[in-house]
>>> print(open('structure_18.pdb').read())   # PDB, C-alpha atoms
ATOM      1  CA  MET L 365      27.277  24.514  17.649
ATOM      2  CA  LYS L 366      30.768  23.629  16.384
ATOM      3  CA  LYS L 367      30.974  20.687  18.814
ATOM      4  CA  PHE L 368      27.618  19.368  17.613
ATOM      5  CA  LEU L 369      28.669  19.668  13.973
ATOM      6  CA  LEU L 370      31.960  17.891  14.700
ATOM      7  CA  PHE L 371      30.060  15.121  16.537
ATOM      8  CA  CYS L 372      27.735  14.636  13.525
ATOM      9  CA  VAL L 373      30.642  14.459  11.062
ATOM     10  CA  ILE L 374      32.518  11.918  13.195
ATOM     11  CA  SER L 375      29.335   9.832  13.628
ATOM     12  CA  PHE L 376      28.738   9.730   9.856
ATOM     13  CA  LEU L 377      32.359   8.760   9.213
ATOM     14  CA  ILE L 378      32.220   5.923  11.725
ATOM     15  CA  ALA L 379      28.877   4.714  10.341
ATOM     16  CA  SER L 380      30.223   4.706   6.775
ATOM     17  CA  CYS L 381      33.100   2.414   7.806
ATOM     18  CA  LEU L 382      30.859  -0.250   9.362
ATOM     19  CA  PRO L 383      30.007  -3.415   7.380
ATOM     20  CA  GLN L 384      26.772  -3.099   5.432
ATOM     21  CA  ASP L 385      24.936  -5.948   7.223
ATOM     22  CA  MET L 386      26.053  -5.035  10.754
ATOM     23  CA  ARG L 387      23.352  -4.691  13.412
ATOM     24  CA  VAL L 388      24.013  -2.579  16.481
ATOM     25  CA  PRO L 389      23.304  -4.482  19.751
ATOM     26  CA  GLN L 390      20.242  -3.243  21.612
ATOM     27  CA  SER L 391      19.628  -3.097  25.331
ATOM     28  CA  PRO L 392      17.080  -5.632  26.649
ATOM     29  CA  LEU L 393      15.293  -2.672  28.269
ATOM     30  CA  LEU L 394      14.730  -1.032  24.878
ATOM     31  CA  SER L 395      11.704  -3.216  24.138
ATOM     32  CA  VAL L 396      10.104  -2.022  27.393
ATOM     33  CA  LEU L 397      11.029   1.653  27.135
ATOM     34  CA  GLU L 398      10.631   2.408  23.448
ATOM     35  CA  ARG L 399       7.344   3.543  21.974
ATOM     36  CA  LYS L 400       5.756   0.854  19.824
ATOM     37  CA  SER L 401       4.813   1.967  16.345
ATOM     38  CA  GLY L 402       3.485  -1.289  14.936
ATOM     39  CA  LEU L 403       4.532  -3.076  11.775
ATOM     40  CA  ILE L 404       6.104  -1.859   8.555
ATOM     41  CA  ALA L 405       4.905  -3.090   5.160
ATOM     42  CA  TYR L 406       7.212  -2.697   2.190
ATOM     43  CA  LEU L 407       7.839  -3.860  -1.349
ATOM     44  CA  GLY L 408      11.010  -5.928  -1.697
ATOM     45  CA  ALA L 409      13.492  -5.687  -4.537
ATOM     46  CA  ASP L 410      12.100  -9.006  -5.812
ATOM     47  CA  GLY L 411       8.614  -7.499  -6.326
ATOM     48  CA  ASN L 412       7.085  -9.265  -3.295
ATOM     49  CA  MET L 413       5.297  -7.728  -0.297
ATOM     50  CA  TYR L 414       6.886  -8.001   3.158
ATOM     51  CA  VAL L 415       6.001  -7.033   6.723
ATOM     52  CA  SER L 416       8.444  -6.601   9.607
ATOM     53  CA  ASP L 417       8.504  -5.026  13.039
ATOM     54  CA  GLN L 418      10.081  -1.609  13.561
ATOM     55  CA  ALA L 419      13.524  -3.122  14.193
ATOM     56  CA  GLY L 420      13.466  -5.169  10.975
ATOM     57  CA  GLY L 421      12.796  -8.443  12.810
ATOM     58  CA  ASN L 422       9.894 -10.925  12.672
ATOM     59  CA  LEU L 423       9.931 -10.766   8.890
ATOM     60  CA  GLN L 424       6.836 -12.088   7.084
ATOM     61  CA  GLN L 425       6.896 -12.608   3.329
ATOM     62  CA  LEU L 426       3.274 -12.176   2.266
ATOM     63  CA  THR L 427       3.774 -13.051  -1.418
ATOM     64  CA  ARG L 428       6.272 -15.367  -3.068
ATOM     65  CA  ASP L 429       5.490 -15.059  -6.761
ATOM     66  CA  GLY L 430       6.893 -11.596  -7.516
ATOM     67  CA  LEU L 431       8.654 -11.452 -10.862
ATOM     68  CA  ILE L 432      10.826  -8.586 -12.045
ATOM     69  CA  PRO L 433      10.864  -8.363 -15.889
ATOM     70  CA  GLN L 434      14.198  -9.244 -17.437
ATOM     71  CA  SER L 435      13.519  -7.471 -20.709
ATOM     72  CA  GLN L 436      10.916  -5.294 -22.367
ATOM     73  CA  GLY L 437       7.773  -7.320 -23.025
ATOM     74  CA  ALA L 438       8.823 -10.098 -20.595
ATOM     75  CA  ALA L 439       6.450 -11.497 -17.972
ATOM     76  CA  TYR L 440       6.245  -9.602 -14.673
ATOM     77  CA  ARG L 441       4.365  -9.608 -11.353
ATOM     78  CA  ILE L 442       4.814  -6.735  -8.902
ATOM     79  CA  TYR L 443       2.968  -5.906  -5.678
ATOM     80  CA  GLN L 444       2.481  -2.301  -4.544
ATOM     81  CA  PHE L 445       0.381   0.273  -2.606
ATOM     82  CA  PRO L 446       0.395  -1.368   0.873
ATOM     83  CA  THR L 447      -2.386   0.163   3.001
ATOM     84  CA  TRP L 448      -3.031  -0.800   6.631
ATOM     85  CA  SER L 449      -6.558  -1.261   7.979
ATOM     86  CA  GLN L 450      -7.572   1.173  10.725
ATOM     87  CA  ASP L 451      -6.942  -1.419  13.476
ATOM     88  CA  GLY L 452      -3.628  -2.564  11.950
ATOM     89  CA  SER L 453      -4.693  -6.207  11.708
ATOM     90  CA  GLN L 454      -4.982  -6.359   7.906
ATOM     91  CA  LEU L 455      -2.928  -5.090   5.009
ATOM     92  CA  ALA L 456      -4.465  -4.347   1.617
ATOM     93  CA  PHE L 457      -2.205  -4.150  -1.417
ATOM     94  CA  MET L 458      -2.360  -4.401  -5.163
ATOM     95  CA  GLY L 459      -0.670  -6.783  -7.567
ATOM     96  CA  VAL L 460      -0.056  -6.140 -11.250
ATOM     97  CA  SER L 461       1.040  -8.882 -13.612
ATOM     98  CA  GLY L 462       1.272  -9.325 -17.313
ATOM     99  CA  GLN L 463       3.301  -9.999 -20.382
ATOM    100  CA  GLY L 464       3.524  -7.868 -23.497
ATOM    101  CA  THR L 465       0.310  -5.850 -23.792
ATOM    102  CA  GLN L 466      -1.789  -8.072 -21.514
ATOM    103  CA  THR L 467      -2.160  -6.827 -17.912
ATOM    104  CA  VAL L 468      -4.101  -8.113 -14.875
ATOM    105  CA  SER L 469      -4.640  -6.209 -11.620
ATOM    106  CA  LYS L 470      -5.588  -7.786  -8.306
ATOM    107  CA  LEU L 471      -6.473  -6.487  -4.844
ATOM    108  CA  MET L 472      -5.174  -8.619  -1.998
ATOM    109  CA  ILE L 473      -5.849  -8.503   1.740
ATOM    110  CA  ALA L 474      -3.397 -10.090   4.160
ATOM    111  CA  ASN L 475      -4.247 -10.983   7.739
ATOM    112  CA  VAL L 476      -0.934 -10.457   9.540
ATOM    113  CA  ASP L 477      -1.892 -12.632  12.527
ATOM    114  CA  ASP L 478      -2.138 -15.866  10.540
ATOM    115  CA  GLU L 479      -0.227 -14.671   7.416
ATOM    116  CA  SER L 480      -3.155 -15.580   5.139
ATOM    117  CA  VAL L 481      -3.554 -13.608   1.893
ATOM    118  CA  ASP L 482      -6.876 -13.450   0.047
ATOM    119  CA  GLU L 483      -7.615 -12.059  -3.397
ATOM    120  CA  ILE L 484     -10.769  -9.911  -3.303
ATOM    121  CA  TYR L 485     -10.789  -8.233  -6.735
ATOM    122  CA  THR L 486      -9.380  -8.974 -10.202
ATOM    123  CA  SER L 487      -9.600  -6.986 -13.428
ATOM    124  CA  GLU L 488      -8.045  -7.093 -16.866
ATOM    125  CA  THR L 489      -9.365  -3.627 -17.779
ATOM    126  CA  GLU L 490      -8.982  -1.524 -14.618
ATOM    127  CA  GLN L 491      -6.068  -0.799 -12.307
ATOM    128  CA  PRO L 492      -6.587   0.321  -8.677
ATOM    129  CA  VAL L 493      -4.387   3.337  -7.992
ATOM    130  CA  TYR L 494      -5.336   4.393  -4.448
ATOM    131  CA  LEU L 495      -6.680   2.313  -1.530
ATOM    132  CA  TYR L 496      -8.538   3.636   1.531
ATOM    133  CA  TRP L 497     -10.059   1.512   4.340
ATOM    134  CA  SER L 498     -13.400   2.388   5.933
ATOM    135  CA  PRO L 499     -13.059   3.308   9.646
ATOM    136  CA  ASP L 500     -14.789   0.065  10.704
ATOM    137  CA  ASN L 501     -12.454  -2.062   8.526
ATOM    138  CA  ALA L 502     -15.492  -3.622   6.840
ATOM    139  CA  ASN L 503     -14.865  -2.159   3.371
ATOM    140  CA  LEU L 504     -11.957  -1.209   1.176
ATOM    141  CA  SER L 505     -12.613   1.729  -1.123
ATOM    142  CA  PHE L 506     -10.365   2.409  -4.072
ATOM    143  CA  ILE L 507      -9.984   4.503  -7.159
ATOM    144  CA  SER L 508      -9.385   2.577 -10.330
ATOM    145  CA  SER L 509      -8.614   3.723 -13.831
ATOM    146  CA  ASN L 510      -8.479   2.034 -17.152
ATOM    147  CA  PHE L 511      -4.921   1.274 -18.235
ATOM    148  CA  THR L 512      -4.797   4.478 -20.286
ATOM    149  CA  GLY L 513      -5.434   6.422 -17.045
ATOM    150  CA  GLN L 514      -8.228   8.555 -18.518
ATOM    151  CA  ASN L 515     -11.219   7.566 -16.346
ATOM    152  CA  LEU L 516     -11.271   7.402 -12.524
ATOM    153  CA  ILE L 517     -13.887   5.212 -10.834
ATOM    154  CA  LEU L 518     -14.583   5.157  -7.083
ATOM    155  CA  GLN L 519     -15.424   1.634  -5.948
ATOM    156  CA  SER L 520     -15.930  -0.178  -2.664
ATOM    157  CA  ILE L 521     -15.608  -3.861  -1.879
ATOM    158  CA  PRO L 522     -16.143  -5.791   1.388
ATOM    159  CA  SER L 523     -12.831  -6.609   3.063
ATOM    160  CA  GLN L 524     -13.866 -10.283   3.231
ATOM    161  CA  GLY L 525     -14.481 -10.306  -0.527
ATOM    162  CA  GLY L 526     -17.723 -10.138  -2.456
ATOM    163  CA  GLU L 527     -19.398  -7.931  -5.022
ATOM    164  CA  ARG L 528     -17.813  -4.572  -5.710
ATOM    165  CA  THR L 529     -19.943  -1.428  -5.728
ATOM    166  CA  ILE L 530     -19.233   1.365  -8.202
ATOM    167  CA  LEU L 531     -19.984   4.600  -6.326
ATOM    168  CA  ASP L 532     -18.985   7.449  -8.622
ATOM    169  CA  THR L 533     -16.735   8.610 -11.454
ATOM    170  CA  GLY L 534     -14.782  11.759 -12.168
ATOM    171  CA  SER L 535     -11.349  13.261 -12.473
ATOM    172  CA  PRO L 536      -9.587  14.419 -10.365
ATOM    173  CA  TYR L 537     -11.199  12.528  -7.503
ATOM    174  CA  TYR L 538     -11.063  12.942  -3.689
ATOM    175  CA  TRP L 539     -13.087  11.235  -0.957
ATOM    176  CA  SER L 540     -13.162  10.636   2.785
ATOM    177  CA  TRP L 541     -15.111   8.207   4.980
ATOM    178  CA  ALA L 542     -17.331   9.413   7.836
ATOM    179  CA  PRO L 543     -16.242   8.072  11.261
ATOM    180  CA  ASP L 544     -19.056   5.494  11.293
ATOM    181  CA  GLY L 545     -17.978   4.008   7.934
ATOM    182  CA  ARG L 546     -21.499   4.295   6.475
ATOM    183  CA  VAL L 547     -21.140   7.570   4.551
ATOM    184  CA  MET L 548     -18.412   9.241   2.546
ATOM    185  CA  ILE L 549     -18.001  12.701   1.111
ATOM    186  CA  VAL L 550     -16.640  12.994  -2.417
ATOM    187  CA  HIS L 551     -15.370  15.773  -4.630
ATOM    188  CA  ALA L 552     -14.745  15.181  -8.313
ATOM    189  CA  GLY L 553     -13.962  17.252 -11.355
ATOM    190  CA  GLY L 554     -12.860  20.857 -11.564
ATOM    191  CA  SER L 555     -12.470  23.801 -13.888
ATOM    192  CA  ALA L 556      -9.540  22.240 -15.739
ATOM    193  CA  ALA L 557     -11.105  18.765 -15.893
ATOM    194  CA  SER L 558     -13.213  17.289 -18.667
ATOM    195  CA  SER L 559     -15.840  15.946 -16.212
ATOM    196  CA  PRO L 560     -18.219  18.350 -14.417
ATOM    197  CA  GLU L 561     -17.324  19.329 -10.865
ATOM    198  CA  HIS L 562     -19.492  17.929  -8.079
ATOM    199  CA  LEU L 563     -19.549  17.484  -4.298
ATOM    200  CA  ALA L 564     -21.670  14.675  -2.849
ATOM    201  CA  LEU L 565     -22.344  12.461   0.163
TER     202      LEU L 565
END
>>> encode(input="structure_18.pdb", output="structure tokens")
Amino acid sequence: MKKFLLFCVISFLIASCLPQDMRVPQSPLLSVLERKSGLIAYLGADGNMYVSDQAGGNLQQLTRDGLIPQSQGAAYRIYQFPTWSQDGSQLAFMGVSGQGTQTVSKLMIANVDDESVDEIYTSETEQPVYLYWSPDNANLSFISSNFTGQNLILQSIPSQGGERTILDTGSPYYWSWAPDGRVMIVHAGGSAASSPEHLAL
């Protein structure tokens, strides 16, 4: 146990002395032997959405118009809530932009194979706060709230864009898709909530 602890301490000390941008060389066999875990989506410090492989390579910048506010009330545009489709071929995420008291929310879907990004939903009164793909990747369901956060609305929209469908309201709100993507079970409300509790398909 003492040898292991000493090894860990020495490893951390060596790692802390390395330059910040240093990359450790990898064996050519690593790509064959390691388990593949797909792509990683993340929000950059500039407010834009990025995708990379598990080693940090093959970087794709999905958005280029992110804007971090420089002062209170200044214009901003930030992307957030990346959510992979069930087959890993598409990434849904939300963008919020505004200036002062005016705010606009958008839902975007990126196809990582051709790096295209499509806007499928826009609202000046509602903000999506949780995204959840249907198992067949045909629809994106999401909870939205007004900007005061008082009302939760369950909605669904085709992943290729189109008319949204408002399915239910309540607070707090939980839902799950059936494996075939045609039905979902929902639970909303509760004893401490202002809306009545209900369970539905």
>>> resolve_selection(input="structure_18.pdb", expression="the PyMOL selection byres ((chain L and resi 476-492) around 10)", output="number ranges by chain")
L: 403, 415, 424-427, 445, 452-462, 466-475, 493-495, 504-513, 515-519, 521-528
>>> atom_distance(input="structure_18.pdb", atom1="CA of Gln450 in chain L", atom2="CA of Pro536 in chain L")
25.0 Å
>>> residues_around(input="structure_18.pdb", residues="Arg428 in chain L", least_positions_apart="4", cutoff="10 Å", atoms="only C-alpha atoms", output="list in words")
Asp410, Gly411, Asn412, Met413 and Tyr414 of chain L
>>> closest_residue(input="structure_18.pdb", among="L:Thr529, L:Gly420, L:Ser498, L:Gly430", to="Thr447 in chain L", atoms="only C-alpha atoms")
L:Ser498
>>> atom_distance(input="structure_18.pdb", atom1="CA of Tyr537 in chain L", atom2="CA of Ile404 in chain L")
27.6 Å
>>> atom_distance(input="structure_18.pdb", atom1="CA of Ile530 in chain L", atom2="CA of Leu565 in chain L")
14.2 Å
>>> closest_residue(input="structure_18.pdb", among="L:Ser535, L:Ser540, L:Ser435, L:Asn503", to="Gly554 in chain L", atoms="all atoms listed in the file")
L:Ser535
>>> residues_around(input="structure_18.pdb", residues="His562 in chain L", least_positions_apart="2", cutoff="9 Å", atoms="only C-alpha atoms", output="list in words")
Gly534, Val550, His551, Ala552, Gly553, Gly554, Pro560 and Ala564 of chain L
>>> residues_around(input="structure_18.pdb", residues="Ala439 in chain L", least_positions_apart="2", cutoff="7 Å", atoms="all atoms listed in the file", output="tab-separated table (two decimals) with C-alpha atoms, in the frame of the given file")
chain	number	residue	atom	x	y	z
L	433	PRO	CA	10.86	-8.36	-15.89
L	437	GLY	CA	7.77	-7.32	-23.02
L	462	GLY	CA	1.27	-9.32	-17.31
L	463	GLN	CA	3.30	-10.00	-20.38
>>> closest_residue(input="structure_18.pdb", among="L:Ala409, L:Met548, L:Gly464, L:Asp532", to="Tyr496 in chain L", atoms="all atoms listed in the file")
L:Met548
>>> axis_aligned_box(input="structure_18.pdb", around="range 534-552 of chain L", padding_each_side="6 Å", output="lines of an AutoDock Vina configuration file")
center_x = -15.5
center_y = 9.9
center_z = -0.6
size_x = 23.9
size_y = 23.8
size_z = 35.8
